[in-house]
Number of protein chains: 2
Amino acid sequence: MAVVPASNVLDQLRWRYAVKKFDSSKKIPAETWAALEHAIVLSPSSYGLQLWKFVVITDPALREKLKAVSWGQTQITDASHLVVFCGRTGVTEADLDRHIGRMAQVRGVSADSLADYKKMMMGTTRAGFPAVEWTARQAYIALGVFLTSAALLGVDACPMEGFENEKYDVILGLKEQGYASAVVATAGYRATDDKYAEAAKVRFDVNDVIDRR
Amino acid sequence: MAVVPASNVLDQLRWRYAVKKFDSSKKIPAETWAALEHAIVLSPSSYGLQLWKFVVITDPALREKLKAVSWGQTQITDASHLVVFCGRTGVTEADLDRHIGRMAQVRGVSADSLADYKKMMMGTTRAGFPAVEWTARQAYIALGVFLTSAALLGVDACPMEGFENEKYDVILGLKEQGYASAVVATAGYRATDDKYAEAAKVRFDVNDVIDRR
């Protein structure tokens with residue numbers, strides 16, 4: 001365990017911003033991108049269920065199609081990488097079994113020994129708000145992990161909600177797989193003439209958003 | 001800008017886990033906690049609107065009350081710090097004006113010069129799903145940033161959805177302020193006898209969750 005100095009973490013969070021204009025000639029090195037994929041995979045989720053998948057798109061033609069249903073925003077085609085964060089549209093017993101199976105495999109125990117754990121999850125994952133909203137929220141955790149990790153690695157990014165979700169789902173064939181797009185992030189390197197890079201970061205004062213009791 | 005090596009980021013993400021048992025005698029140093037509050041404040045949000053607030057609770061009596069509506073989970077009282085991530089229950093013109101006002105202040109421009117920006121936000125923030133769900137999703141971004149930052153700083157944490165939201169809102173008086181609790185995180189230091197600390201992390205293989213196109 002090698003902790004990172006707090007000032008270093010905060011400096012990188014201050015360095016990042018929502019890139020409006022990427023330098024389309026600059027690509028994220030394969031090794032760096034692999035690390036960012038792993039950061040996404042390591043994201044926490046409810047019960048560790050990982051009711052998500054992440055579509056990473058580098059194909060230019062596919063990205064042109066997506067830009068047309070993303071208000072024409074140029075980050076969609078100009079960034080080095082595009083990630084669509086997706087959540088499961090429904091949560092079934094098979095989803096729980098998939099997780100239990102993986103847990104049994106990774107920890108070297110029998111799935112039977114996890115029966116109580118499964119029962120507990122069965123009893124609670126169907127309560128509350130709709131599954132698709134629950135899994136979308138999980139996808140936003142992964143988005144937060146991704147954006148923070150990218151900033152630490154010196155990779156620029158832009159989180160984006162301005163796209164037509166249903167059209168993404170059709171173009172990417174997500175519905176038939178039981179997933180829905182929740183949010184998008186583009187990643188790469190800022191263009192030298194992106195004027196937003198130099199704009200002062202706008203955040204409320206810490207005492208206006210942190211309510212200490 | 002001092003980037004952090006990818007292996008360091010991934011090591012810390014692997015080191016973290018959802019702590020089941022905190023060492024209640026260990027408190028997060030004030031300076032470290034202040035950094036984590038700043039990491040939360042620096043979290044990205046839609047349009048940078050920051051339609052959120054974060055209730056940080058250290059008062060033991062208040063935490064006992066919350067534990068009673070959190071399935072009795074001991075992290076609520078045993079962790080060094082408890083954070084309730086809250087989103088606005090509705091988005092009004094006043095919310096946009098608050099953001100515009102802060103932007104004008106920070107960037108030294110007039111609020112009038114941001115009229116088009118405000119108009120654009122007015123046109124889009126009312127579309128789509130309910131405001132409270134939208135702002136809850138934002139809160140989950142901040143959760144992801146918080147959990148990643150804590151891991152980097154060597155601070156343990158546990159994200160928690162297992163609590164009675166409406167009761168939290170009443171106990172904390174959130175509704176009258178226009179906020180609703182979305183998700184909770186406890187933070188501090190793992191107990192030496194938390195058996196989950198040594199359990200192998202369960203994640204699907206990267207190729208099972210990353211769909212490359």
# chains A, B, ... in the order shown; residues from 1 in each chain; ligands from 1
>>> interface_residues(of="chain A", to="chain B", cutoff="6 Å", atoms="only C-alpha atoms", output="NGL selection string")
:A and (3-4 or 53-57 or 103 or 107 or 137 or 140-141 or 144-145 or 148 or 152-154 or 200 or 202 or 209-213)
>>> select_by_dssp(residues="chain A", states="alpha helix (DSSP H)", output="VMD selection string")
chain A and resid 6 to 15 30 to 41 60 to 67 75 to 78 93 to 107 115 to 124 131 to 152 165 to 171 206 to 209
>>> write_last_selection(atoms="C-alpha atoms", output="short mmCIF file (atom, residue, chain, number, x, y, z; two decimals), in the first residue's frame")
data_model
loop_
_atom_site.label_atom_id
_atom_site.label_comp_id
_atom_site.auth_asym_id
_atom_site.auth_seq_id
_atom_site.Cartn_x
_atom_site.Cartn_y
_atom_site.Cartn_z
CA ALA A 6 -3.67 14.51 -0.39
CA SER A 7 -2.27 17.57 -2.14
CA ASN A 8 -1.42 15.44 -5.17
CA VAL A 9 -4.95 14.01 -5.37
CA LEU A 10 -6.53 17.46 -5.00
CA ASP A 11 -4.15 19.01 -7.55
CA GLN A 12 -5.21 16.43 -10.11
CA LEU A 13 -8.91 16.93 -9.33
CA ARG A 14 -8.37 20.67 -9.83
CA TRP A 15 -6.46 20.04 -13.06
CA ALA A 30 -2.65 1.21 -24.72
CA GLU A 31 -1.10 0.60 -21.31
CA THR A 32 -2.71 3.69 -19.80
CA TRP A 33 -6.08 2.79 -21.27
CA ALA A 34 -5.81 -0.76 -19.92
CA ALA A 35 -5.27 0.73 -16.45
CA LEU A 36 -8.37 2.91 -16.82
CA GLU A 37 -10.42 -0.12 -17.87
CA HIS A 38 -9.20 -1.88 -14.74
CA ALA A 39 -10.13 1.09 -12.59
CA ILE A 40 -13.68 0.83 -13.98
CA VAL A 41 -13.74 -2.91 -13.29
CA PRO A 60 -14.75 6.18 -36.08
CA ALA A 61 -17.84 5.21 -38.12
CA LEU A 62 -19.74 4.07 -35.04
CA ARG A 63 -18.76 7.25 -33.24
CA GLU A 64 -20.07 9.38 -36.10
CA LYS A 65 -23.42 7.62 -35.71
CA LEU A 66 -23.41 8.30 -31.98
CA LYS A 67 -22.45 11.95 -32.43
CA GLN A 75 -16.02 15.19 -28.11
CA ILE A 76 -17.86 12.05 -29.22
CA THR A 77 -15.68 11.75 -32.34
CA ASP A 78 -12.57 13.71 -31.35
CA GLU A 93 -32.05 -14.47 -10.18
CA ALA A 94 -29.59 -15.24 -12.99
CA ASP A 95 -27.80 -11.96 -12.23
CA LEU A 96 -27.40 -12.98 -8.60
CA ASP A 97 -26.25 -16.45 -9.64
CA ARG A 98 -23.64 -14.95 -11.95
CA HIS A 99 -22.19 -12.96 -9.06
CA ILE A 100 -22.41 -15.88 -6.63
CA GLY A 101 -20.71 -18.12 -9.18
CA ARG A 102 -17.87 -15.65 -9.62
CA MET A 103 -17.52 -15.22 -5.86
CA ALA A 104 -17.33 -19.00 -5.39
CA GLN A 105 -14.69 -19.19 -8.11
CA VAL A 106 -12.54 -16.30 -6.87
CA ARG A 107 -12.71 -17.26 -3.21
CA ALA A 115 -27.02 -19.65 -0.27
CA ASP A 116 -27.87 -17.40 2.68
CA TYR A 117 -26.10 -14.49 1.06
CA LYS A 118 -28.07 -15.04 -2.12
CA LYS A 119 -31.33 -15.26 -0.19
CA MET A 120 -30.57 -11.97 1.55
CA MET A 121 -29.90 -10.30 -1.80
CA MET A 122 -33.06 -11.79 -3.29
CA GLY A 123 -35.06 -10.21 -0.50
CA THR A 124 -33.73 -6.70 -0.95
CA ALA A 131 -34.04 -1.85 -11.30
CA VAL A 132 -32.98 0.24 -14.28
CA GLU A 133 -32.73 3.33 -12.12
CA TRP A 134 -30.84 1.44 -9.43
CA THR A 135 -28.34 0.06 -11.91
CA ALA A 136 -27.97 3.48 -13.56
CA ARG A 137 -26.93 4.88 -10.19
CA GLN A 138 -24.30 2.16 -9.94
CA ALA A 139 -22.99 3.19 -13.34
CA TYR A 140 -22.53 6.71 -11.98
CA ILE A 141 -20.28 5.36 -9.22
CA ALA A 142 -18.10 3.82 -11.93
CA LEU A 143 -18.17 7.18 -13.73
CA GLY A 144 -16.85 8.89 -10.60
CA VAL A 145 -14.11 6.28 -10.21
CA PHE A 146 -13.21 6.60 -13.88
CA LEU A 147 -13.04 10.41 -13.89
CA THR A 148 -10.95 10.48 -10.72
CA SER A 149 -8.59 7.79 -11.99
CA ALA A 150 -8.20 9.52 -15.36
CA ALA A 151 -7.35 12.80 -13.62
CA LEU A 152 -4.72 11.05 -11.50
CA ASN A 165 -30.25 7.22 -24.47
CA GLU A 166 -32.80 5.16 -26.37
CA LYS A 167 -31.02 5.76 -29.66
CA TYR A 168 -27.70 4.74 -28.14
CA ASP A 169 -29.38 1.56 -26.92
CA VAL A 170 -30.60 0.78 -30.43
CA ILE A 171 -27.34 1.64 -32.20
CA VAL A 206 -16.88 23.97 0.98
CA ASN A 207 -18.95 25.37 3.84
CA ASP A 208 -21.91 25.87 1.51
CA VAL A 209 -22.11 22.22 0.44
#
>>> residues_around(residues="B:Tyr189", least_positions_apart="3", cutoff="7 Å", atoms="only C-alpha atoms", output="PyMOL selection string")
chain B and resi 22-23+26+155-156
>>> closest_residue(among="A:Gly72, A:His81, A:Leu114, A:Glu164", to="A:Pro29", atoms="only C-alpha atoms")
A:His81
>>> select_by_dssp(residues="stretch 2-213 of chain B", states="strand (DSSP E)", output="short mmCIF file (atom, residue, chain, number, x, y, z; two decimals) with N, CA and C atoms, in the first residue's frame")
data_model
loop_
_atom_site.label_atom_id
_atom_site.label_comp_id
_atom_site.auth_asym_id
_atom_site.auth_seq_id
_atom_site.Cartn_x
_atom_site.Cartn_y
_atom_site.Cartn_z
N TRP B 52 -26.52 19.45 -4.99
CA TRP B 52 -26.30 18.49 -3.91
C TRP B 52 -25.84 19.17 -2.64
N LYS B 53 -25.90 18.41 -1.56
CA LYS B 53 -25.13 18.77 -0.38
C LYS B 53 -24.75 17.49 0.34
N PHE B 54 -23.79 17.61 1.25
CA PHE B 54 -23.21 16.44 1.90
C PHE B 54 -23.25 16.68 3.40
N VAL B 55 -23.99 15.83 4.08
CA VAL B 55 -24.09 15.98 5.52
C VAL B 55 -23.03 15.08 6.17
N VAL B 56 -22.11 15.69 6.87
CA VAL B 56 -21.02 14.96 7.52
C VAL B 56 -21.35 14.89 9.01
N ILE B 57 -21.49 13.68 9.51
CA ILE B 57 -21.98 13.51 10.87
C ILE B 57 -20.95 12.82 11.75
N HIS B 81 -16.08 8.85 10.38
CA HIS B 81 -16.96 9.85 9.78
C HIS B 81 -18.09 9.18 8.99
N LEU B 82 -19.22 9.85 8.97
CA LEU B 82 -20.37 9.40 8.18
C LEU B 82 -20.77 10.53 7.25
N VAL B 83 -20.94 10.21 5.97
CA VAL B 83 -21.36 11.23 5.01
C VAL B 83 -22.67 10.80 4.36
N VAL B 84 -23.66 11.67 4.38
CA VAL B 84 -24.91 11.42 3.67
C VAL B 84 -24.90 12.28 2.41
N PHE B 85 -24.88 11.61 1.27
CA PHE B 85 -24.86 12.29 -0.03
C PHE B 85 -26.30 12.61 -0.41
N CYS B 86 -26.60 13.89 -0.59
CA CYS B 86 -27.99 14.33 -0.83
C CYS B 86 -28.12 15.08 -2.15
N GLY B 87 -29.26 14.90 -2.79
CA GLY B 87 -29.56 15.64 -4.02
C GLY B 87 -30.75 16.54 -3.81
N ARG B 88 -30.84 17.59 -4.62
CA ARG B 88 -31.99 18.49 -4.56
C ARG B 88 -33.24 17.72 -4.98
N ASP B 156 -10.05 3.99 4.86
CA ASP B 156 -11.05 2.96 4.57
C ASP B 156 -12.44 3.57 4.50
N ALA B 157 -13.31 2.88 3.78
CA ALA B 157 -14.68 3.39 3.63
C ALA B 157 -15.64 2.25 3.35
N CYS B 158 -16.91 2.56 3.50
CA CYS B 158 -17.95 1.60 3.12
C CYS B 158 -19.14 2.38 2.56
N PRO B 159 -19.42 2.21 1.27
CA PRO B 159 -20.63 2.83 0.70
C PRO B 159 -21.84 2.03 1.15
N MET B 160 -22.93 2.70 1.44
CA MET B 160 -24.10 2.00 1.99
C MET B 160 -25.41 2.53 1.39
N TYR B 179 -33.77 18.93 0.01
CA TYR B 179 -32.82 17.86 -0.33
C TYR B 179 -33.38 16.50 0.09
N ALA B 180 -32.87 15.45 -0.55
CA ALA B 180 -33.21 14.08 -0.17
C ALA B 180 -31.92 13.27 -0.11
N SER B 181 -31.84 12.39 0.87
CA SER B 181 -30.66 11.53 0.99
C SER B 181 -30.65 10.54 -0.17
N ALA B 182 -29.49 10.35 -0.78
CA ALA B 182 -29.39 9.42 -1.91
C ALA B 182 -28.59 8.18 -1.53
N VAL B 183 -27.45 8.40 -0.90
CA VAL B 183 -26.58 7.28 -0.56
C VAL B 183 -25.66 7.73 0.58
N VAL B 184 -25.10 6.76 1.28
CA VAL B 184 -24.30 7.04 2.47
C VAL B 184 -22.91 6.44 2.30
N ALA B 185 -21.92 7.08 2.88
CA ALA B 185 -20.60 6.44 2.99
C ALA B 185 -20.08 6.64 4.40
N THR B 186 -19.53 5.58 4.94
CA THR B 186 -18.83 5.67 6.22
C THR B 186 -17.34 5.59 5.91
N ALA B 187 -16.54 6.26 6.73
CA ALA B 187 -15.10 6.28 6.48
C ALA B 187 -14.33 6.25 7.78
N GLY B 188 -13.18 5.63 7.76
CA GLY B 188 -12.35 5.52 8.96
C GLY B 188 -11.26 4.50 8.72
N ILE B 210 -16.14 -5.19 -20.10
CA ILE B 210 -15.76 -4.18 -21.09
C ILE B 210 -16.06 -4.75 -22.48
N ASP B 211 -16.89 -4.05 -23.20
CA ASP B 211 -17.34 -4.48 -24.53
C ASP B 211 -16.72 -3.50 -25.54
N ARG B 212 -15.67 -3.96 -26.20
CA ARG B 212 -14.92 -3.04 -27.08
C ARG B 212 -15.46 -3.07 -28.51
#
>>> atom_distance(atom1="atom CA of A:Lys27", atom2="atom CA of A:Ser80")
4.9 Å
>>> atom_distance(atom1="atom CA of B:Asp193", atom2="atom CA of B:Lys20")
10.1 Å
